[in-house]
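> For reference, the file protein-v2.txt (compact mmCIF, C-alpha atoms) is included below:
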```
# COMPACT_ATOMS: atom_id res chain seq x y z
CA MET A 1 117.82 122.79 150.91
CA LYS A 2 117.56 119.76 148.61
CA ASN A 3 119.91 121.24 146.00
CA LEU A 4 122.45 122.15 148.69
CA LEU A 5 122.25 118.67 150.18
CA SER A 6 122.65 117.09 146.73
CA SER A 7 125.74 119.19 145.95
CA ILE A 8 127.33 118.36 149.30
CA THR A 9 126.60 114.64 148.94
CA ASN A 10 128.11 114.51 145.45
CA ILE A 11 131.28 116.35 146.46
CA ILE A 12 132.01 114.43 149.68
CA SER A 13 131.67 111.15 147.74
CA GLU A 14 134.82 112.11 145.82
CA ASP A 15 136.92 111.44 148.94
CA ARG A 16 139.30 114.41 148.87
CA GLU A 17 140.30 117.19 151.22
CA LEU A 18 137.64 119.88 151.46
CA PRO A 19 137.30 123.28 153.21
CA PHE A 20 134.13 122.11 154.94
CA SER A 21 132.87 119.07 156.84
CA VAL A 22 129.60 117.15 157.05
CA TYR A 23 128.31 115.51 160.22
CA SER A 24 125.42 113.07 159.92
CA SER A 25 123.67 110.50 162.04
CA VAL A 26 120.61 108.26 162.05
CA HIS A 27 120.47 108.06 165.83
CA GLU A 28 120.70 110.85 168.39
CA GLN A 29 124.20 111.93 169.37
CA LYS A 30 124.74 113.38 172.84
CA LEU A 31 128.23 114.82 173.25
CA LEU A 32 129.78 116.55 176.23
CA ASN A 33 132.67 119.04 176.27
CA VAL A 34 133.00 119.46 172.50
CA PRO A 35 135.95 121.82 171.80
CA ILE A 36 135.44 124.63 169.26
CA VAL A 37 138.93 125.75 168.25
CA LYS A 38 137.99 128.46 165.73
CA PRO A 39 134.76 130.29 164.84
CA LEU A 40 132.49 127.63 163.36
CA LEU A 41 129.41 127.95 161.15
CA VAL A 42 127.00 125.02 161.49
CA VAL A 43 124.16 124.83 158.97
CA VAL A 44 121.53 122.28 160.00
CA ILE A 45 120.07 120.81 156.81
CA SER A 46 117.91 118.18 158.49
CA GLY A 47 117.20 117.34 162.12
CA ASN A 48 117.82 119.56 165.11
CA LYS A 49 120.90 120.67 167.03
CA GLU A 50 120.76 121.56 170.72
CA LEU A 51 123.60 123.18 172.65
CA GLY A 52 124.39 124.26 176.18
CA LYS A 53 124.55 122.69 179.60
CA ASN A 54 120.78 122.21 179.67
CA HIS A 55 120.33 122.15 175.88
CA GLU A 56 118.84 125.63 176.09
CA ILE A 57 119.97 126.64 172.58
CA SER A 58 118.04 125.06 169.72
CA CYS A 59 118.98 125.20 166.04
CA PRO A 60 116.37 123.41 163.88
CA SER A 61 116.67 122.43 160.22
CA ASP A 62 116.98 125.29 157.70
CA HIS A 63 118.76 127.35 160.37
CA PHE A 64 122.39 128.05 161.20
CA ILE A 65 124.36 128.67 164.35
CA PHE A 66 127.70 130.46 164.27
CA LEU A 67 129.84 129.56 167.29
CA SER A 68 132.82 131.42 168.72
CA ASP A 69 135.81 129.43 169.97
CA SER A 70 135.14 127.55 173.21
CA PRO A 71 137.10 124.92 175.15
CA ALA A 72 133.95 122.87 175.81
CA ILE A 73 130.27 122.93 174.87
CA ASN A 74 127.60 120.24 175.23
CA MET A 75 125.70 119.21 172.09
CA ARG A 76 122.85 117.01 170.96
CA ASN A 77 122.41 116.12 167.28
CA ILE A 78 118.84 114.91 166.84
CA PRO A 79 117.67 113.19 163.63
CA GLN A 80 114.34 114.15 162.13
CA ASP A 81 112.48 111.91 159.67
CA LYS A 82 115.50 109.88 158.50
CA ALA A 83 118.65 111.65 159.63
CA TYR A 84 120.54 114.54 161.17
CA PHE A 85 122.67 116.28 158.55
CA ALA A 86 124.76 119.41 159.05
CA LEU A 87 127.32 121.40 157.08
CA LEU A 88 130.27 122.76 159.08
CA ILE A 89 132.60 125.53 157.91
CA GLU A 90 135.52 126.58 160.12
CA PHE A 91 136.81 130.14 159.77
CA ASP A 92 140.30 131.49 160.35
CA TYR A 93 140.75 134.76 162.20
CA ASP A 94 142.04 136.45 159.03
CA ASP A 95 138.67 135.75 157.37
CA PHE A 96 137.09 138.41 159.61
CA ASN A 97 139.51 141.19 158.62
CA GLU A 98 137.19 142.83 156.09
CA LEU A 99 134.23 143.02 158.44
CA PRO A 100 133.56 146.37 160.18
CA ILE A 101 135.21 146.59 163.59
CA ASN A 102 132.84 145.55 166.37
CA ASN A 103 133.76 146.95 169.76
CA SER A 104 130.96 145.17 171.58
CA GLN A 105 131.59 142.28 173.95
CA GLN A 106 132.46 139.05 172.17
CA ALA A 107 129.33 137.03 171.39
CA ASP A 108 129.24 133.31 172.18
CA TYR A 109 127.06 132.49 169.19
CA VAL A 110 124.77 133.88 166.49
CA ILE A 111 121.74 131.95 165.30
CA GLY A 112 119.43 132.58 162.34
CA GLU A 113 117.46 131.24 159.41
CA VAL A 114 119.01 130.09 156.15
CA THR A 115 117.41 132.52 153.70
CA PRO A 116 117.33 131.89 149.93
CA VAL A 117 120.23 134.29 149.35
CA LEU A 118 122.34 132.66 152.06
CA LYS A 119 121.49 129.25 150.64
CA GLN A 120 122.67 130.39 147.21
CA CYS A 121 125.91 131.73 148.70
CA LEU A 122 126.56 128.44 150.49
CA GLN A 123 125.76 126.52 147.31
CA GLN A 124 128.31 128.55 145.36
CA PHE A 125 130.94 127.99 148.05
CA ILE A 126 130.34 124.24 148.01
CA GLU A 127 130.42 124.00 144.22
CA CYS A 128 133.56 126.14 143.85
CA THR A 129 135.54 123.60 145.89
CA THR A 130 135.50 121.29 142.85
CA TRP A 131 137.58 123.69 140.75
CA ALA A 132 138.76 126.75 142.67
CA PRO A 133 142.27 127.15 144.14
CA ASP A 134 142.63 127.82 147.86
CA THR A 135 142.75 131.60 147.40
CA ILE A 136 139.34 131.62 145.68
CA GLN A 137 137.87 129.33 148.35
CA SER A 138 139.14 131.72 151.02
CA LEU A 139 137.44 134.65 149.27
CA ARG A 140 134.20 132.66 149.15
CA LYS A 141 134.40 132.09 152.90
CA LYS A 142 134.84 135.82 153.45
CA GLU A 143 131.85 136.36 151.17
CA ILE A 144 129.71 134.21 153.50
CA LEU A 145 130.78 136.34 156.47
CA MET A 146 130.07 139.61 154.66
CA LEU A 147 126.66 138.38 153.53
CA LEU A 148 125.68 137.37 157.06
CA TYR A 149 126.77 140.79 158.29
CA GLN A 150 124.72 142.51 155.57
CA LEU A 151 121.71 140.35 156.45
CA GLY A 152 121.75 141.92 159.89
CA TYR A 153 123.82 139.43 161.87
CA THR A 154 126.34 142.10 162.85
CA ASP A 155 127.35 140.23 166.00
CA ILE A 156 129.36 137.81 163.86
CA ALA A 157 132.06 140.49 163.75
CA SER A 158 132.61 139.93 167.48
CA LEU A 159 132.81 136.12 167.18
CA MET A 160 136.43 136.46 166.13
CA GLY A 161 137.64 137.68 169.50
CA LYS A 162 141.40 137.87 169.88
CA PRO A 163 143.79 135.18 168.62
CA LYS A 164 145.08 133.15 171.56
CA ILE A 165 148.25 131.27 172.33
CA SER A 166 146.09 128.12 172.56
CA HIS A 167 145.19 128.51 168.87
CA GLN A 168 148.86 128.55 167.91
CA LEU A 169 149.61 125.54 170.11
CA HIS A 170 146.68 123.62 168.66
CA LYS A 171 148.03 124.22 165.14
CA LEU A 172 151.55 123.26 166.21
CA PHE A 173 150.44 119.95 167.75
CA HIS A 174 148.56 119.04 164.57
CA GLN A 175 151.56 119.91 162.41
CA GLN A 176 153.86 117.74 164.56
CA ARG A 177 151.28 114.90 164.74
CA PHE A 178 151.10 115.18 168.52
CA ASP A 179 154.74 114.34 169.16
CA GLU A 180 156.12 115.20 172.58
CA LEU A 181 157.19 118.83 172.31
CA THR A 182 159.38 120.50 174.90
CA ASN A 183 158.56 123.99 176.13
CA GLU A 184 161.86 125.08 174.62
CA TYR A 185 160.83 123.81 171.18
CA ILE A 186 157.35 125.38 171.48
CA CYS A 187 158.81 128.76 172.42
CA GLN A 188 161.26 128.51 169.55
CA GLN A 189 158.45 127.88 167.07
CA LEU A 190 156.25 130.66 168.48
CA ALA A 191 159.16 133.09 168.91
CA ILE A 192 158.36 133.83 172.55
CA SER A 193 160.10 133.26 175.88
CA GLU A 194 159.06 130.53 178.32
CA SER A 195 157.94 133.15 180.83
CA THR A 196 155.69 134.73 178.17
CA LEU A 197 154.29 131.28 177.30
CA ARG A 198 153.46 130.60 180.96
CA ARG A 199 151.92 134.04 181.40
CA LYS A 200 149.70 133.78 178.34
CA LEU A 201 148.56 130.25 179.18
CA LYS A 202 147.71 131.34 182.72
CA ALA A 203 145.68 134.26 181.34
CA GLU A 204 143.72 131.84 179.15
CA GLY A 205 143.21 129.43 182.05
CA THR A 206 144.84 126.48 180.33
CA SER A 207 148.11 124.58 179.94
CA VAL A 208 150.22 122.98 177.22
CA GLN A 209 149.03 119.50 178.23
CA ALA A 210 145.36 120.52 178.34
CA ILE A 211 145.58 122.01 174.84
CA LYS A 212 147.33 118.91 173.53
CA ASP A 213 144.74 116.56 175.08
CA ARG A 214 141.86 118.65 173.74
CA SER A 215 143.44 118.76 170.26
CA LYS A 216 143.92 114.99 170.16
CA LEU A 217 140.37 114.25 171.26
CA GLY A 218 138.92 116.92 168.98
CA LEU A 219 140.63 115.32 165.99
CA GLY A 220 139.37 111.91 167.09
CA LEU A 221 135.81 113.21 167.27
CA HIS A 222 136.13 114.80 163.82
CA LEU A 223 137.52 111.63 162.22
CA LEU A 224 134.78 109.50 163.78
CA GLN A 225 132.15 111.89 162.42
CA THR A 226 133.56 112.28 158.91
CA THR A 227 135.40 109.08 157.96
CA ASN A 228 135.03 105.31 158.03
CA LEU A 229 138.55 104.75 159.33
CA SER A 230 138.88 102.04 161.95
CA ILE A 231 138.92 103.20 165.55
CA GLY A 232 142.41 101.75 165.93
CA LEU A 233 143.73 103.83 163.02
CA ILE A 234 141.99 106.95 164.34
CA ALA A 235 143.60 106.39 167.74
CA GLU A 236 147.01 106.14 166.05
CA GLN A 237 146.46 109.33 164.02
CA CYS A 238 145.53 111.15 167.22
CA GLY A 239 148.78 110.18 168.90
CA TYR A 240 147.52 107.37 171.15
CA HIS A 241 149.64 104.26 171.50
CA SER A 242 146.65 101.98 172.04
CA GLN A 243 143.00 101.90 171.04
CA SER A 244 141.94 101.17 174.63
CA ARG A 245 143.74 104.29 175.88
CA PHE A 246 141.98 106.37 173.22
CA THR A 247 138.61 104.81 174.08
CA ASP A 248 139.01 105.53 177.80
CA ARG A 249 140.05 109.16 177.24
CA PHE A 250 137.30 109.68 174.66
CA LYS A 251 134.56 108.36 176.93
CA ASN A 252 135.79 110.35 179.94
CA HIS A 253 135.74 113.54 177.89
CA PHE A 254 132.72 113.23 175.59
CA GLY A 255 130.51 110.89 177.65
CA LEU A 256 130.39 107.97 175.20
CA THR A 257 132.87 105.59 173.58
CA PRO A 258 134.10 105.87 169.97
CA SER A 259 132.16 102.68 169.16
CA GLU A 260 128.95 104.13 170.59
CA LEU A 261 129.39 107.28 168.53
CA ARG A 262 130.20 105.30 165.39
CA LYS A 263 126.94 103.35 165.77
CA THR A 264 124.93 106.57 165.50
CA ARG A 265 126.44 107.46 162.13
CA MET A 266 124.65 107.39 158.84
CA THR A 267 125.55 104.26 156.90
CA ASP A 268 126.67 104.50 153.28
```
What is this file in structure tokens?

Amino acid sequence: MKNLLSSITNIISEDRELPFSVYSSVHEQKLLNVPIVKPLLVVVISGNKELGKNHEISCPSDHFIFLSDSPAINMRNIPQDKAYFALLIEFDYDDFNELPINNSQQADYVIGEVTPVLKQCLQQFIECTTWAPDTIQSLRKKEILMLLYQLGYTDIASLMGKPKISHQLHKLFHQQRFDELTNEYICQQLAISESTLRRKLKAEGTSVQAIKDRSKLGLGLHLLQTTNLSIGLIAEQCGYHSQSRFTDRFKNHFGLTPSELRKTRMTD
């Protein structure tokens, strides 16, 4: 995994937008209610990741866990030797189109070992981000999915599930930078009636406000894990009018303050 880690480190140092993320820490991170908006591949390069209410799912270094979308999941990121280091790749629902149809019940997660061939595939995906246009990067992501399927992880085909109205709302809130959006405006953008919006949200057990709050806090968590932006600036980018408001909401949701999370991070 050293070559993969070296490639990732070199590319993220260039400070540009990338189709993957890296989460790292030198102290244990214990996070509650982490939202997973889209299917997410987490490759643990060093340390250990534990998930679930009682941390019953363990993903050690040199392993991956592929998560389906979930409104909330508890996590522990545990450093080993010097640090916890993980590669995260989020997949769109269209990325699954070329996989064989899986009629089985949707899986919550798939876990496995990072084999040499998977490692090579990930390495190529990481390296292509330095030169490839978005269309090529998208094909590389689909290649990762197809390889995992061919390696025997056929349950990944069921991780996609069905696109939800909450996914569309999440995207809309990000596009509008968390401005106050009326139901009328939302329905206009999604080309549905207000009654259909209410019905679909009820079926998913959520609401417009709950999706907005989860989206804001999810972005805050991501920015704290991947940037060195000040907490005040992160709060502003997440649509909060004050840092204290952001801190209170963040702690109530994730179980620790932004400052406490920031202190666990790997220093440059």
> From the list A:Ser215, A:Gln175, A:Asn252, A:Ser21, which residue is nearest Leu88 (chain A) when using all atoms listed in the file?
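Looking at the shortest contact to Leu88 (chain A), the residue is A:Ser21.
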> For the point (134.8, 114.6, 162.0) in the file's frame, write as a list in words all residues with an atom no more than 10 Å away, counting only C-alpha atoms.
Ser21, Val22, Tyr23, Ser24, Leu88, Gly218, Leu219, Gly220, Leu221, His222, Leu223, Leu224, Gln225, Thr226 and Thr227 of chain A
> Where's the centre, and what are the edge lengths in Å to one decimal, of a box along x, y and z enclosing all listed atoms of region 174-190 of chain A padded 6 Å per side, as AutoDock Vina command-line options?

```
--center_x 155.2 --center_y 122.5 --center_z 169.3 --size_x 25.3 --size_y 28.3 --size_z 25.7
```
> With only C-alpha atoms as the atoms that count, which of A:Ile8, A:Lys30, A:Ile144, A:Phe20 lies nearest to Leu261 (chain A)?
A:Lys30
> Can you tell me which residues surround Gln243 (chain A) at a distance of at most 7 Å, considering only C-alpha atoms, apart from same-chain residues fewer than 5 positions away, and format the answer as a list of chain:residue names?
A:Ile231, A:Gly232, A:Ala235
> What is the CA of Leu151 (chain A) to CA of Pro19 (chain A) distance in Å?
23.3 Å
> Looking at only C-alpha atoms, which of A:Phe91, A:Lys216, A:Gly255, A:Glu260 is the one that sits closest to Tyr240 (chain A)?
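Using only C-alpha atoms, the shortest distance to Tyr240 (chain A) belongs to A:Lys216.
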> For a quick check of understanding, using all atoms listed in the file, which of A:Val37, A:Leu148, A:Cys187, A:Leu87 has the smallest distance to Val110 (chain A)?
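Counting all atoms listed in the file, the residue closest to Val110 (chain A) is A:Leu148.
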> Using CA of Ser7 (chain A) and CA of Thr129 (chain A) as the two end points, give the distance in Å to one decimal.
10.7 Å
> Which one of A:Asp62, A:Ser25, A:Thr130, A:Leu31 sits closest to Thr257 (chain A) if you count only C-alpha atoms?
A:Leu31
> Neighbours of His167 (chain A) within 9 Å (all atoms listed in the file; same-chain residues fewer than 4 positions away dropped), as a PDB file with C-alpha atoms, keeping the file's coordinate frame?

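Saved as out.pdb:
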```
ATOM      1  CA  VAL A  37     138.930 125.750 168.250  1.00  0.00           C
ATOM      2  CA  LYS A  38     137.990 128.460 165.730  1.00  0.00           C
ATOM      3  CA  PRO A 163     143.790 135.180 168.620  1.00  0.00           C
ATOM      4  CA  LYS A 171     148.030 124.220 165.140  1.00  0.00           C
ATOM      5  CA  LEU A 172     151.550 123.260 166.210  1.00  0.00           C
ATOM      6  CA  ILE A 211     145.580 122.010 174.840  1.00  0.00           C
TER       7      ILE A 211
END
```
> Please compute the CA of Gly161 (chain A)-CA of Gln106 (chain A) distance, one decimal, in Å.
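Going from CA of Gly161 (chain A) over to CA of Gln106 (chain A), I get 6.0 Å.
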> Leaving out Ser70 (chain A) and any residue of its chain fewer than 5 positions from it, which residues lie within 12 Å of it when counting only C-alpha atoms, given as an NGL selection string?
:A and (33-40 or 52 or 106-109 or 159-161 or 164 or 166-167 or 204 or 211 or 214)
